[in-house]
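A.B. asks: You'll find work31.json just under this line, and it carries JSON, C-alpha atoms.
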```json
[["chain", "number", "residue", "atom", "x", "y", "z"],
["T", 958, "MET", "CA", 157.09, -1.59, -122.30],
["T", 959, "ARG", "CA", 159.63, -3.26, -120.07],
["T", 960, "LYS", "CA", 158.40, -5.43, -117.20],
["T", 961, "ILE", "CA", 161.43, -5.73, -114.95],
["T", 962, "LEU", "CA", 162.25, -8.13, -112.14],
["T", 963, "VAL", "CA", 165.05, -6.97, -109.83],
["T", 964, "THR", "CA", 166.68, -9.72, -107.77],
["T", 965, "GLY", "CA", 168.56, -8.63, -104.65],
["T", 966, "ALA", "CA", 166.38, -5.52, -104.63],
["T", 967, "LEU", "CA", 166.98, -4.78, -100.95],
["T", 968, "GLY", "CA", 170.78, -4.70, -101.31],
["T", 969, "GLN", "CA", 173.10, -1.72, -101.74],
["T", 970, "ILE", "CA", 172.52, -1.31, -105.49],
["T", 971, "GLY", "CA", 169.05, -2.78, -105.69],
["T", 972, "SER", "CA", 167.41, -0.57, -103.09],
["T", 973, "GLU", "CA", 168.28, 2.59, -105.04],
["T", 974, "LEU", "CA", 168.01, 1.11, -108.51],
["T", 975, "THR", "CA", 164.50, -0.24, -107.92],
["T", 976, "MET", "CA", 163.16, 3.16, -106.89],
["T", 977, "GLY", "CA", 164.95, 4.82, -109.81],
["T", 978, "LEU", "CA", 163.55, 2.31, -112.31],
["T", 979, "ARG", "CA", 160.04, 2.80, -110.95],
["T", 980, "LYS", "CA", 160.32, 6.51, -111.75],
["T", 981, "ILE", "CA", 161.32, 5.65, -115.33],
["T", 982, "TYR", "CA", 159.13, 2.64, -116.12],
["T", 983, "GLY", "CA", 156.30, 2.97, -113.58],
["T", 984, "ASN", "CA", 155.77, 1.37, -110.16],
["T", 985, "ASP", "CA", 153.74, -1.53, -111.52],
["T", 986, "ASN", "CA", 156.36, -2.43, -114.12],
["T", 987, "VAL", "CA", 159.28, -2.98, -111.72],
["T", 988, "ILE", "CA", 158.96, -6.02, -109.47],
["T", 989, "ALA", "CA", 161.33, -5.98, -106.51],
["T", 990, "SER", "CA", 162.46, -9.29, -105.02],
["T", 991, "SER", "CA", 164.64, -10.53, -102.19],
["T", 992, "ARG", "CA", 165.08, -13.84, -100.39],
["T", 993, "ARG", "CA", 163.74, -12.24, -97.23],
["T", 994, "ILE", "CA", 162.14, -9.05, -95.94],
["T", 995, "LYS", "CA", 164.54, -6.52, -94.40],
["T", 996, "GLU", "CA", 163.62, -3.76, -91.97],
["T", 997, "GLY", "CA", 164.15, -0.25, -93.24],
["T", 998, "HIS", "CA", 162.94, -0.94, -96.78],
["T", 999, "GLU", "CA", 159.22, -0.40, -96.24],
["T", 1000, "ASP", "CA", 159.00, 2.42, -98.81],
["T", 1001, "LEU", "CA", 160.47, 0.21, -101.52],
["T", 1002, "MET", "CA", 158.30, -2.79, -100.68],
["T", 1003, "GLU", "CA", 155.14, -0.69, -100.53],
["T", 1004, "SER", "CA", 155.75, 1.50, -103.60],
["T", 1005, "GLY", "CA", 155.28, -1.39, -106.02],
["T", 1006, "VAL", "CA", 155.15, -5.17, -106.29],
["T", 1007, "PHE", "CA", 157.45, -7.09, -103.95],
["T", 1008, "GLU", "CA", 158.09, -10.84, -104.08],
["T", 1009, "ILE", "CA", 160.11, -13.23, -101.96],
["T", 1010, "VAL", "CA", 162.52, -14.94, -104.37],
["T", 1011, "ASN", "CA", 165.49, -17.15, -103.58],
["T", 1012, "VAL", "CA", 167.53, -17.16, -106.79],
["T", 1013, "THR", "CA", 168.94, -20.61, -105.98],
["T", 1014, "ASP", "CA", 165.36, -21.92, -106.41],
["T", 1015, "GLY", "CA", 164.86, -21.93, -110.17],
["T", 1016, "LYS", "CA", 161.22, -23.03, -109.95],
["T", 1017, "GLN", "CA", 160.31, -20.15, -107.63],
["T", 1018, "LEU", "CA", 162.12, -17.69, -109.90],
["T", 1019, "ALA", "CA", 160.31, -18.97, -113.00],
["T", 1020, "GLU", "CA", 156.92, -18.74, -111.28],
["T", 1021, "VAL", "CA", 157.45, -15.06, -110.42],
["T", 1022, "VAL", "CA", 158.63, -14.25, -113.96],
["T", 1023, "ARG", "CA", 155.55, -15.89, -115.49],
["T", 1024, "LYS", "CA", 153.17, -14.44, -112.89],
["T", 1025, "HIS", "CA", 154.18, -10.86, -113.69],
["T", 1026, "LYS", "CA", 154.95, -11.39, -117.41],
["T", 1027, "VAL", "CA", 158.52, -10.20, -116.85],
["T", 1028, "ASN", "CA", 160.61, -9.50, -119.98],
["T", 1029, "THR", "CA", 163.77, -8.10, -118.31],
["T", 1030, "ILE", "CA", 165.67, -9.48, -115.31],
["T", 1031, "ILE", "CA", 168.18, -7.28, -113.50],
["T", 1032, "HIS", "CA", 170.08, -9.83, -111.44],
["T", 1033, "LEU", "CA", 171.82, -8.27, -108.43],
["T", 1034, "ALA", "CA", 171.54, -11.02, -105.80],
["T", 1035, "ALA", "CA", 175.10, -12.03, -104.85],
["T", 1036, "ILE", "CA", 177.53, -12.74, -102.02],
["T", 1037, "LEU", "CA", 180.26, -10.06, -102.03],
["T", 1038, "SER", "CA", 184.05, -10.38, -101.75],
["T", 1039, "ALA", "CA", 184.83, -10.31, -98.02],
["T", 1040, "VAL", "CA", 181.82, -12.44, -97.07],
["T", 1041, "GLY", "CA", 182.66, -14.76, -99.95],
["T", 1042, "GLU", "CA", 186.06, -15.51, -98.45],
["T", 1043, "GLU", "CA", 184.42, -16.39, -95.13],
["T", 1044, "LYS", "CA", 181.75, -18.53, -96.81],
["T", 1045, "PRO", "CA", 183.08, -19.69, -100.20],
["T", 1046, "ALA", "CA", 180.56, -22.50, -100.64],
["T", 1047, "LEU", "CA", 177.69, -20.07, -100.09],
["T", 1048, "ALA", "CA", 179.26, -17.59, -102.53],
["T", 1049, "TRP", "CA", 179.49, -20.29, -105.21],
["T", 1050, "ASP", "CA", 175.92, -21.44, -104.63],
["T", 1051, "VAL", "CA", 174.32, -17.99, -104.71],
["T", 1052, "ASN", "CA", 176.55, -16.38, -107.34],
["T", 1053, "MET", "CA", 176.79, -19.26, -109.82],
["T", 1054, "ASN", "CA", 173.67, -21.34, -109.33],
["T", 1055, "GLY", "CA", 171.62, -18.17, -108.93],
["T", 1056, "LEU", "CA", 172.93, -16.76, -112.22],
["T", 1057, "TYR", "CA", 172.44, -20.09, -114.00],
["T", 1058, "ASN", "CA", 168.81, -20.15, -112.87],
["T", 1059, "VAL", "CA", 168.28, -16.57, -114.05],
["T", 1060, "LEU", "CA", 169.77, -17.33, -117.47],
["T", 1061, "GLU", "CA", 167.74, -20.53, -117.84],
["T", 1062, "VAL", "CA", 164.51, -18.75, -116.97],
["T", 1063, "ALA", "CA", 165.46, -15.94, -119.37],
["T", 1064, "ARG", "CA", 166.06, -18.49, -122.13],
["T", 1065, "GLU", "CA", 162.72, -20.22, -121.50],
["T", 1066, "GLU", "CA", 160.65, -17.04, -121.05],
["T", 1067, "ASN", "CA", 162.45, -14.84, -123.61],
["T", 1068, "CYS", "CA", 163.78, -12.27, -121.12],
["T", 1069, "ALA", "CA", 166.69, -9.86, -121.41],
["T", 1070, "VAL", "CA", 169.23, -10.07, -118.55],
["T", 1071, "PHE", "CA", 171.45, -7.45, -116.96],
["T", 1072, "THR", "CA", 173.90, -8.66, -114.31],
["T", 1073, "PRO", "CA", 176.96, -6.81, -112.98],
["T", 1074, "SER", "CA", 180.46, -8.16, -112.80],
["T", 1075, "SER", "CA", 183.21, -6.48, -110.77],
["T", 1076, "ILE", "CA", 186.83, -5.38, -110.65],
["T", 1077, "ALA", "CA", 187.18, -8.50, -108.50],
["T", 1078, "ALA", "CA", 187.20, -10.45, -111.78],
["T", 1079, "PHE", "CA", 190.83, -9.38, -112.18],
["T", 1080, "GLY", "CA", 193.83, -10.64, -110.21],
["T", 1081, "ASP", "CA", 197.54, -10.27, -109.48],
["T", 1082, "SER", "CA", 198.56, -11.04, -113.08],
["T", 1083, "THR", "CA", 196.25, -8.41, -114.57],
["T", 1084, "PRO", "CA", 197.86, -5.09, -115.61],
["T", 1085, "LYS", "CA", 197.31, -2.78, -112.63],
["T", 1086, "ASP", "CA", 197.06, 0.61, -114.32],
["T", 1087, "ASN", "CA", 194.53, 1.48, -117.01],
["T", 1088, "THR", "CA", 193.46, -2.18, -117.00],
["T", 1089, "PRO", "CA", 192.27, -3.08, -120.54],
["T", 1090, "GLN", "CA", 188.75, -4.20, -121.37],
["T", 1091, "ASP", "CA", 190.10, -7.54, -122.62],
["T", 1092, "THR", "CA", 192.96, -8.85, -120.52],
["T", 1093, "ILE", "CA", 194.17, -11.63, -118.23],
["T", 1094, "GLN", "CA", 191.64, -12.55, -115.54],
["T", 1095, "ARG", "CA", 193.01, -14.82, -112.80],
["T", 1096, "PRO", "CA", 191.30, -13.74, -109.55],
["T", 1097, "ASN", "CA", 192.29, -15.27, -106.22],
["T", 1098, "THR", "CA", 188.95, -14.92, -104.39],
["T", 1099, "MET", "CA", 185.79, -17.00, -104.67],
["T", 1100, "TYR", "CA", 183.83, -13.84, -105.45],
["T", 1101, "GLY", "CA", 186.23, -13.06, -108.30],
["T", 1102, "VAL", "CA", 186.09, -16.62, -109.61],
["T", 1103, "THR", "CA", 182.28, -16.48, -109.73],
["T", 1104, "LYS", "CA", 182.39, -13.14, -111.52],
["T", 1105, "VAL", "CA", 184.73, -14.40, -114.26],
["T", 1106, "ALA", "CA", 182.63, -17.54, -114.66],
["T", 1107, "GLY", "CA", 179.50, -15.38, -114.72],
["T", 1108, "GLU", "CA", 180.89, -13.17, -117.49],
["T", 1109, "LEU", "CA", 181.64, -16.24, -119.59],
["T", 1110, "LEU", "CA", 178.27, -17.82, -118.85],
["T", 1111, "CYS", "CA", 176.43, -14.67, -119.95],
["T", 1112, "ASP", "CA", 178.46, -14.61, -123.17],
["T", 1113, "TYR", "CA", 177.62, -18.28, -123.71],
["T", 1114, "TYR", "CA", 173.87, -17.74, -123.31],
["T", 1115, "TYR", "CA", 173.99, -14.84, -125.77],
["T", 1116, "HIS", "CA", 175.92, -16.72, -128.45],
["T", 1117, "LYS", "CA", 174.31, -20.14, -127.90],
["T", 1118, "PHE", "CA", 170.69, -19.22, -127.18],
["T", 1119, "GLY", "CA", 170.35, -15.57, -128.22],
["T", 1120, "VAL", "CA", 169.56, -14.33, -124.69],
["T", 1121, "ASP", "CA", 170.04, -10.54, -124.63],
["T", 1122, "THR", "CA", 172.64, -10.45, -121.84],
["T", 1123, "ARG", "CA", 174.36, -7.21, -120.79],
["T", 1124, "GLY", "CA", 176.56, -6.14, -117.89],
["T", 1125, "VAL", "CA", 179.32, -3.95, -116.52],
["T", 1126, "ARG", "CA", 182.31, -4.50, -114.23],
["T", 1127, "PHE", "CA", 181.55, -2.23, -111.31],
["T", 1128, "PRO", "CA", 184.29, -0.72, -109.18],
["T", 1129, "GLY", "CA", 183.63, 0.03, -105.49],
["T", 1130, "LEU", "CA", 180.25, 1.74, -105.11],
["T", 1131, "ILE", "CA", 179.61, 4.58, -102.68],
["T", 1132, "SER", "CA", 176.12, 5.49, -101.48],
["T", 1133, "TYR", "CA", 174.45, 7.50, -98.72],
["T", 1134, "GLU", "CA", 171.20, 5.53, -98.99],
["T", 1135, "THR", "CA", 172.23, 1.98, -98.06],
["T", 1136, "LEU", "CA", 175.22, 0.59, -96.22],
["T", 1137, "PRO", "CA", 177.33, -1.91, -98.19],
["T", 1138, "GLY", "CA", 177.17, -5.61, -97.48],
["T", 1139, "GLY", "CA", 180.61, -7.10, -96.97],
["T", 1140, "GLY", "CA", 182.79, -5.83, -99.79],
["T", 1141, "THR", "CA", 186.45, -4.84, -99.83],
["T", 1142, "THR", "CA", 185.70, -1.23, -100.81],
["T", 1143, "ASP", "CA", 183.24, -0.69, -97.94],
["T", 1144, "TYR", "CA", 185.66, 1.69, -96.18],
["T", 1145, "ALA", "CA", 184.87, 4.36, -98.75],
["T", 1146, "VAL", "CA", 181.29, 4.48, -97.47],
["T", 1147, "HIS", "CA", 181.94, 4.12, -93.75],
["T", 1148, "ILE", "CA", 184.52, 6.92, -93.78],
["T", 1149, "TYR", "CA", 181.81, 9.51, -94.51],
["T", 1150, "TYR", "CA", 179.60, 8.32, -91.66],
["T", 1151, "ASP", "CA", 182.49, 8.47, -89.18],
["T", 1152, "ALA", "CA", 183.66, 11.83, -90.52],
["T", 1153, "LEU", "CA", 180.31, 13.34, -89.61],
["T", 1154, "LYS", "CA", 179.71, 11.48, -86.35],
["T", 1155, "ASN", "CA", 183.23, 11.21, -84.89],
["T", 1156, "LYS", "CA", 185.49, 13.47, -87.02],
["T", 1157, "LYS", "CA", 187.77, 10.41, -87.26],
["T", 1158, "TYR", "CA", 187.96, 7.15, -89.18],
["T", 1159, "THR", "CA", 190.11, 4.03, -88.82],
["T", 1160, "SER", "CA", 190.66, 2.46, -92.23],
["T", 1161, "PHE", "CA", 190.93, -1.30, -92.68],
["T", 1162, "ILE", "CA", 192.62, -0.62, -96.05],
["T", 1163, "ALA", "CA", 196.26, 0.49, -95.94],
["T", 1164, "LYS", "CA", 197.62, 3.89, -96.89],
["T", 1165, "GLY", "CA", 198.55, 4.12, -100.56],
["T", 1166, "THR", "CA", 196.07, 1.46, -101.71],
["T", 1167, "LYS", "CA", 194.48, 2.87, -104.85],
["T", 1168, "MET", "CA", 191.14, 1.42, -106.00],
["T", 1169, "ASP", "CA", 188.57, 2.40, -108.59],
["T", 1170, "MET", "CA", 185.34, 3.81, -107.18],
["T", 1171, "MET", "CA", 182.01, 5.20, -108.36],
["T", 1172, "TYR", "CA", 179.21, 7.23, -106.80],
["T", 1173, "MET", "CA", 175.88, 5.41, -106.86],
["T", 1174, "PRO", "CA", 174.04, 7.91, -109.12],
["T", 1175, "ASP", "CA", 176.61, 7.17, -111.83],
["T", 1176, "ALA", "CA", 176.25, 3.42, -111.26],
["T", 1177, "LEU", "CA", 172.48, 3.62, -111.68],
["T", 1178, "ASP", "CA", 172.94, 5.70, -114.83],
["T", 1179, "ALA", "CA", 175.31, 3.04, -116.22],
["T", 1180, "ILE", "CA", 172.69, 0.32, -115.75],
["T", 1181, "THR", "CA", 169.84, 2.22, -117.38],
["T", 1182, "LYS", "CA", 172.02, 3.46, -120.27],
["T", 1183, "LEU", "CA", 173.33, -0.01, -121.10],
["T", 1184, "LEU", "CA", 169.87, -1.52, -120.68],
["T", 1185, "GLU", "CA", 168.52, 0.78, -123.40],
["T", 1186, "ALA", "CA", 171.63, 0.83, -125.61],
["T", 1187, "ASP", "CA", 171.38, 0.00, -129.31],
["T", 1188, "PRO", "CA", 172.32, -3.71, -129.50],
["T", 1189, "SER", "CA", 173.89, -3.26, -132.93],
["T", 1190, "LYS", "CA", 176.59, -1.09, -131.35],
["T", 1191, "LEU", "CA", 177.49, -3.51, -128.56],
["T", 1192, "ILE", "CA", 180.66, -5.39, -129.40],
["T", 1193, "HIS", "CA", 181.27, -6.70, -125.88],
["T", 1194, "ARG", "CA", 177.72, -6.77, -124.43],
["T", 1195, "ASN", "CA", 178.84, -8.17, -121.04],
["T", 1196, "ALA", "CA", 181.42, -7.08, -118.49],
["T", 1197, "PHE", "CA", 182.14, -3.55, -119.73],
["T", 1198, "ASN", "CA", 184.79, -1.80, -117.67],
["T", 1199, "VAL", "CA", 183.24, 1.31, -116.08],
["T", 1200, "THR", "CA", 184.86, 3.71, -113.68],
["T", 1201, "ALA", "CA", 184.55, 7.28, -112.44],
["T", 1202, "MET", "CA", 187.51, 7.86, -110.08],
["T", 1203, "SER", "CA", 190.45, 6.10, -108.49],
["T", 1204, "PHE", "CA", 191.81, 7.07, -105.07],
["T", 1205, "GLU", "CA", 193.72, 5.99, -101.95],
["T", 1206, "PRO", "CA", 192.31, 6.28, -98.39],
["T", 1207, "GLU", "CA", 194.39, 9.41, -97.76],
["T", 1208, "GLU", "CA", 192.97, 11.05, -100.90],
["T", 1209, "ILE", "CA", 189.37, 10.58, -99.81],
["T", 1210, "ALA", "CA", 190.41, 11.87, -96.36],
["T", 1211, "ALA", "CA", 191.91, 14.98, -97.99],
["T", 1212, "SER", "CA", 188.67, 15.54, -99.88],
["T", 1213, "ILE", "CA", 186.67, 15.29, -96.64],
["T", 1214, "LYS", "CA", 189.07, 17.69, -94.86],
["T", 1215, "LYS", "CA", 188.17, 20.41, -97.37],
["T", 1216, "ILE", "CA", 184.72, 20.41, -95.75],
["T", 1217, "ILE", "CA", 185.52, 19.04, -92.27],
["T", 1218, "PRO", "CA", 189.05, 20.42, -91.54],
["T", 1219, "GLU", "CA", 189.35, 18.64, -88.18],
["T", 1220, "PHE", "CA", 188.80, 15.18, -89.71],
["T", 1221, "GLU", "CA", 191.53, 12.61, -88.90],
["T", 1222, "LEU", "CA", 192.38, 9.30, -90.56],
["T", 1223, "ASP", "CA", 194.33, 6.40, -89.08],
["T", 1224, "TYR", "CA", 194.75, 2.74, -89.98],
["T", 1225, "ASP", "CA", 194.09, -0.74, -88.59],
["T", 1226, "VAL", "CA", 194.60, -2.92, -91.64],
["T", 1227, "ASP", "CA", 192.49, -6.05, -92.15],
["T", 1228, "PRO", "CA", 194.88, -8.57, -93.78],
["T", 1229, "VAL", "CA", 192.10, -10.42, -95.62],
["T", 1230, "ARG", "CA", 190.53, -7.38, -97.25],
["T", 1231, "GLN", "CA", 193.93, -5.80, -97.86],
["T", 1232, "ALA", "CA", 195.11, -8.89, -99.75],
["T", 1233, "ILE", "CA", 191.97, -8.72, -101.88],
["T", 1234, "ALA", "CA", 192.48, -5.01, -102.55],
["T", 1235, "ASP", "CA", 196.12, -5.57, -103.51],
["T", 1236, "SER", "CA", 195.06, -8.06, -106.18],
["T", 1237, "TRP", "CA", 192.72, -5.59, -107.88],
["T", 1238, "PRO", "CA", 193.54, -2.93, -110.50],
["T", 1239, "ASN", "CA", 194.52, 0.62, -109.59],
["T", 1240, "SER", "CA", 192.50, 2.02, -112.49],
["T", 1241, "LEU", "CA", 190.40, 0.74, -115.39],
["T", 1242, "ASP", "CA", 190.29, 1.60, -119.08],
["T", 1243, "ASP", "CA", 186.57, 2.20, -119.76],
["T", 1244, "SER", "CA", 186.94, 3.36, -123.36],
["T", 1245, "ALA", "CA", 184.88, 0.45, -124.74],
["T", 1246, "ALA", "CA", 181.85, 1.50, -122.64],
["T", 1247, "ARG", "CA", 182.31, 5.12, -123.71],
["T", 1248, "GLU", "CA", 182.52, 4.20, -127.39],
["T", 1249, "GLU", "CA", 179.85, 1.48, -127.56],
["T", 1250, "TRP", "CA", 177.05, 2.99, -125.45],
["T", 1251, "GLY", "CA", 178.05, 6.48, -124.36],
["T", 1252, "TRP", "CA", 179.24, 5.91, -120.80],
["T", 1253, "ASP", "CA", 180.03, 9.28, -119.19],
["T", 1254, "PRO", "CA", 180.21, 9.56, -115.36],
["T", 1255, "LYS", "CA", 179.18, 12.84, -113.73],
["T", 1256, "TYR", "CA", 180.89, 12.69, -110.31],
["T", 1257, "ASP", "CA", 184.57, 13.05, -109.42],
["T", 1258, "LEU", "CA", 185.92, 12.65, -105.86],
["T", 1259, "ASP", "CA", 185.26, 16.18, -104.61],
["T", 1260, "ALA", "CA", 181.78, 16.36, -106.17],
["T", 1261, "MET", "CA", 180.89, 13.03, -104.58],
["T", 1262, "THR", "CA", 182.29, 14.07, -101.17],
["T", 1263, "LYS", "CA", 180.26, 17.27, -101.15],
["T", 1264, "ASP", "CA", 177.04, 15.47, -102.06],
["T", 1265, "MET", "CA", 177.65, 12.54, -99.67],
["T", 1266, "LEU", "CA", 178.25, 14.79, -96.67],
["T", 1267, "GLU", "CA", 175.24, 16.98, -97.46],
["T", 1268, "LYS", "CA", 172.90, 14.00, -97.88],
["T", 1269, "LEU", "CA", 174.26, 12.13, -94.83],
["T", 1270, "LYS", "CA", 173.83, 15.17, -92.59],
["T", 1271, "ILE", "CA", 170.14, 15.12, -93.41],
["T", 1272, "LYS", "CA", 169.87, 11.33, -93.09],
["T", 1273, "LEU", "CA", 171.63, 11.26, -89.72],
["T", 1274, "GLY", "CA", 169.87, 14.36, -88.42],
["T", 1275, "LEU", "CA", 173.12, 16.22, -87.78]]
```
Is it possible to express this structure as structure tokens?

C.D. replies:
Amino acid sequence: MRKILVTGALGQIGSELTMGLRKIYGNDNVIASSRRIKEGHEDLMESGVFEIVNVTDGKQLAEVVRKHKVNTIIHLAAILSAVGEEKPALAWDVNMNGLYNVLEVAREENCAVFTPSSIAAFGDSTPKDNTPQDTIQRPNTMYGVTKVAGELLCDYYYHKFGVDTRGVRFPGLISYETLPGGGTTDYAVHIYYDALKNKKYTSFIAKGTKMDMMYMPDALDAITKLLEADPSKLIHRNAFNVTAMSFEPEEIAASIKKIIPEFELDYDVDPVRQAIADSWPNSLDDSAAREEWGWDPKYDLDAMTKDMLEKLKIKLGL
């Protein structure tokens, strides 16, 4: 039986993943952790074990792993792209030193490790359309730099020490449960909230900017599928391209207008996040994930829009 520690469990991915994993593996077998308690996550913290863990403190991390006899670490704690550009030193410390500590503890305690990379691992010189699994990676953000280094470090720990490392390159993730935490693709979450509350949204990403996206249920499915995949079939192991849809701001607006006809979209472009978005791929080739472990997303844009608006209406009491 897996005994899983989730770092960054109160973040956008972690808050939903932890509850989903507890349904699969049992509440007592999924230990949630975060560097601090956050309001609004009482259900998660009370439904199973919760520990305060700062991933930059390797000793603290190791103590929690030994205390709960953890054999799998899902490492989600990270500083995202936009925040990383404001605080690059913090992004390096959390993203790189945190991952190094996780991998060292995994090596010492014989744990498997799942940690996500991102489309931010690519850059201006990467092919923009149908970006290959194996291609040029020269990102121009600190977040992207840490993700490329993290991919290589996970490969190193697998080949050098036999640590069972696995991971995917996530596109922008869209969820009704938890607001995002400072990423470039955040507009694709906020637009649904404003569509319901104000019937209008001002996008900080420019018209015509196409980016890969994924609905959170598909993202959670990707993690659990890869976690349980047959290792003999994994050629890449880490940093699998995964995607579900690719759209521009006006395309998500058109999808919303099918349900809320009066919805309006305008623009007030943020130069920093726009520059980051412009350096990322338009679409990814995820054939390696499909072939090696059966990746198969369930949601396209319209299916996601319908579900997002239905769930948010209930959440917001509208």

A.B. asks: One decimal, Å: what's the distance from CA of Asp985 (chain T) over to CA of Tyr1114 (chain T), could you say?

C.D. replies: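 Result for CA of Asp985 (chain T) versus CA of Tyr1114 (chain T): 28.4 Å, one decimal.
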
A.B. asks: Can you tell me which residues surround Pro1238 (chain T) at a distance of at most 10 Å, considering only C-alpha atoms, apart from same-chain residues fewer than 3 positions away, and format the answer as a list in words?

C.D. replies: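 The contact residues come out as Ile1076, Ala1077, Ala1078, Phe1079, Gly1080, Asp1081, Ser1082, Thr1083, Pro1084, Lys1085, Asp1086, Asn1087, Thr1088, Pro1128, Lys1167, Met1168, Asp1169, Ser1203, Ala1234, Asp1235 and Leu1241 of chain T.
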
A.B. asks: Using CA of Leu1273 (chain T) and CA of Asp1151 (chain T) as the two end points, give the distance in Å to one decimal.

C.D. replies: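 Separation of CA of Leu1273 (chain T) and CA of Asp1151 (chain T): 11.2 Å.
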
A.B. asks: Residues around (159.1, -17.7, -110.9), cut-off 12 Å, counting only C-alpha atoms - what are they as a short mmCIF file (atom, residue, chain, number, x, y, z; two decimals) with C-alpha atoms, in the frame of the given file?

C.D. replies:
```cif
data_model
loop_
_atom_site.label_atom_id
_atom_site.label_comp_id
_atom_site.auth_asym_id
_atom_site.auth_seq_id
_atom_site.Cartn_x
_atom_site.Cartn_y
_atom_site.Cartn_z
CA LEU T 962 162.25 -8.13 -112.14
CA THR T 964 166.68 -9.72 -107.77
CA ILE T 988 158.96 -6.02 -109.47
CA SER T 990 162.46 -9.29 -105.02
CA GLU T 1008 158.09 -10.84 -104.08
CA ILE T 1009 160.11 -13.23 -101.96
CA VAL T 1010 162.52 -14.94 -104.37
CA ASN T 1011 165.49 -17.15 -103.58
CA VAL T 1012 167.53 -17.16 -106.79
CA THR T 1013 168.94 -20.61 -105.98
CA ASP T 1014 165.36 -21.92 -106.41
CA GLY T 1015 164.86 -21.93 -110.17
CA LYS T 1016 161.22 -23.03 -109.95
CA GLN T 1017 160.31 -20.15 -107.63
CA LEU T 1018 162.12 -17.69 -109.90
CA ALA T 1019 160.31 -18.97 -113.00
CA GLU T 1020 156.92 -18.74 -111.28
CA VAL T 1021 157.45 -15.06 -110.42
CA VAL T 1022 158.63 -14.25 -113.96
CA ARG T 1023 155.55 -15.89 -115.49
CA LYS T 1024 153.17 -14.44 -112.89
CA HIS T 1025 154.18 -10.86 -113.69
CA LYS T 1026 154.95 -11.39 -117.41
CA VAL T 1027 158.52 -10.20 -116.85
CA ILE T 1030 165.67 -9.48 -115.31
CA ASN T 1058 168.81 -20.15 -112.87
CA VAL T 1059 168.28 -16.57 -114.05
CA GLU T 1061 167.74 -20.53 -117.84
CA VAL T 1062 164.51 -18.75 -116.97
CA ALA T 1063 165.46 -15.94 -119.37
CA GLU T 1065 162.72 -20.22 -121.50
CA GLU T 1066 160.65 -17.04 -121.05
#
```

A.B. asks: To one decimal place in Å, what is the distance between CA of Asn1239 (chain T) and CA of Met1202 (chain T)?

C.D. replies: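 Taking CA of Asn1239 (chain T) as the start and CA of Met1202 (chain T) as the end point, the length is 10.1 Å.
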
A.B. asks: Which residue, T:Thr1142, T:Thr1262, T:Thr975, T:Thr1135, has the smallest gap to Trp1237 (chain T) when you use only C-alpha atoms?

C.D. replies: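 Using only C-alpha atoms, Trp1237 (chain T) sits closest to T:Thr1142.
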
A.B. asks: Would you compute the box with edges along x, y and z of the file around region 1031-1037 of chain T, including every atom the file lists for it and 3 Å extra on each side, and give its centre and edge lengths in Å to one decimal, as JSON?

C.D. replies:
```
{"center_x": 174.2, "center_y": -10.0, "center_z": -107.8, "size_x": 18.1, "size_y": 11.5, "size_z": 17.5}
```

A.B. asks: Which residues, written as a ChimeraX atom specification, have at least one atom at most 12 Å from Ile1162 (chain T), with all atoms listed in the file counted and residues fewer than 5 positions away on the same chain left out?

C.D. replies: /T:1140-1145,1147-1148,1167-1168,1204-1207,1222-1235

A.B. asks: For Phe1220 (chain T), work out the shell of residues within 10 Å, counting only C-alpha atoms and skipping chain neighbours fewer than 2 positions away, then give it as an MDAnalysis selection string.

C.D. replies: chainID T and resid 1151:1153 1155:1158 1210:1211 1213:1218 1222

A.B. asks: Give the answer as one residue: which of T:Glu1185, T:Glu1219, T:Asp1257, T:Glu1249 has the shortest atom-to-atom distance to Met1170 (chain T), using only C-alpha atoms?

C.D. replies: T:Asp1257

A.B. asks: Quick one: residues within 12 Å of region 993-999 of chain T, only C-alpha atoms, excluding same-chain residues fewer than 2 positions away - as a ChimeraX atom specification?

C.D. replies: /T:964-969,971-973,975-976,989-991,1001-1012,1034,1134-1136

A.B. asks: My list of candidates is T:Arg1064, T:Arg1095, T:Lys960, T:Lys1154. Which is closest to Tyr1115 (chain T) when distances are computed with only C-alpha atoms?

C.D. replies: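 Among the listed residues, T:Arg1064 lies closest to Tyr1115 (chain T).
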
A.B. asks: Using all atoms listed in the file, can you tell me which of T:Glu1108, T:Leu1184, T:Pro1089, T:Ser1236 comes closest to Asn1198 (chain T)?

C.D. replies: T:Pro1089

A.B. asks: Return as a Markdown table the residues of region 1078-1182 of chain T lying at most 10 Å from region 1037-1049 of chain T, together with the closest atom-to-atom pair for each and the distance in Å to one decimal, counting all atoms listed in the file, with rows in chain order and ascending residue number.

C.D. replies:
```
| residue | atom | partner | partner_atom | distance |
| --- | --- | --- | --- | --- |
| T:Asn1097 | CA | T:Glu1042 | CA | 10.0 |
| T:Thr1098 | CA | T:Glu1042 | CA | 6.6 |
| T:Met1099 | CA | T:Pro1045 | CA | 5.9 |
| T:Tyr1100 | CA | T:Ser1038 | CA | 5.1 |
| T:Gly1101 | CA | T:Ser1038 | CA | 7.4 |
| T:Val1102 | CA | T:Trp1049 | CA | 8.7 |
| T:Thr1103 | CA | T:Trp1049 | CA | 6.5 |
| T:Lys1104 | CA | T:Trp1049 | CA | 10.0 |
| T:Pro1137 | CA | T:Leu1037 | CA | 9.5 |
| T:Gly1138 | CA | T:Leu1037 | CA | 7.1 |
| T:Gly1139 | CA | T:Ala1039 | CA | 5.4 |
| T:Gly1140 | CA | T:Ser1038 | CA | 5.1 |
| T:Thr1141 | CA | T:Ala1039 | CA | 6.0 |
| T:Thr1142 | CA | T:Ser1038 | CA | 9.3 |
| T:Asp1143 | CA | T:Ala1039 | CA | 9.8 |
```

A.B. asks: Check the smallest atom-to-atom distance from each of T:Val1199, T:Phe1071, T:Ala1260, T:Tyr1113 to Asp1242 (chain T) using all atoms listed in the file, then report the winner.

C.D. replies: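 Ranked by minimum distance to Asp1242 (chain T), first place goes to T:Val1199.
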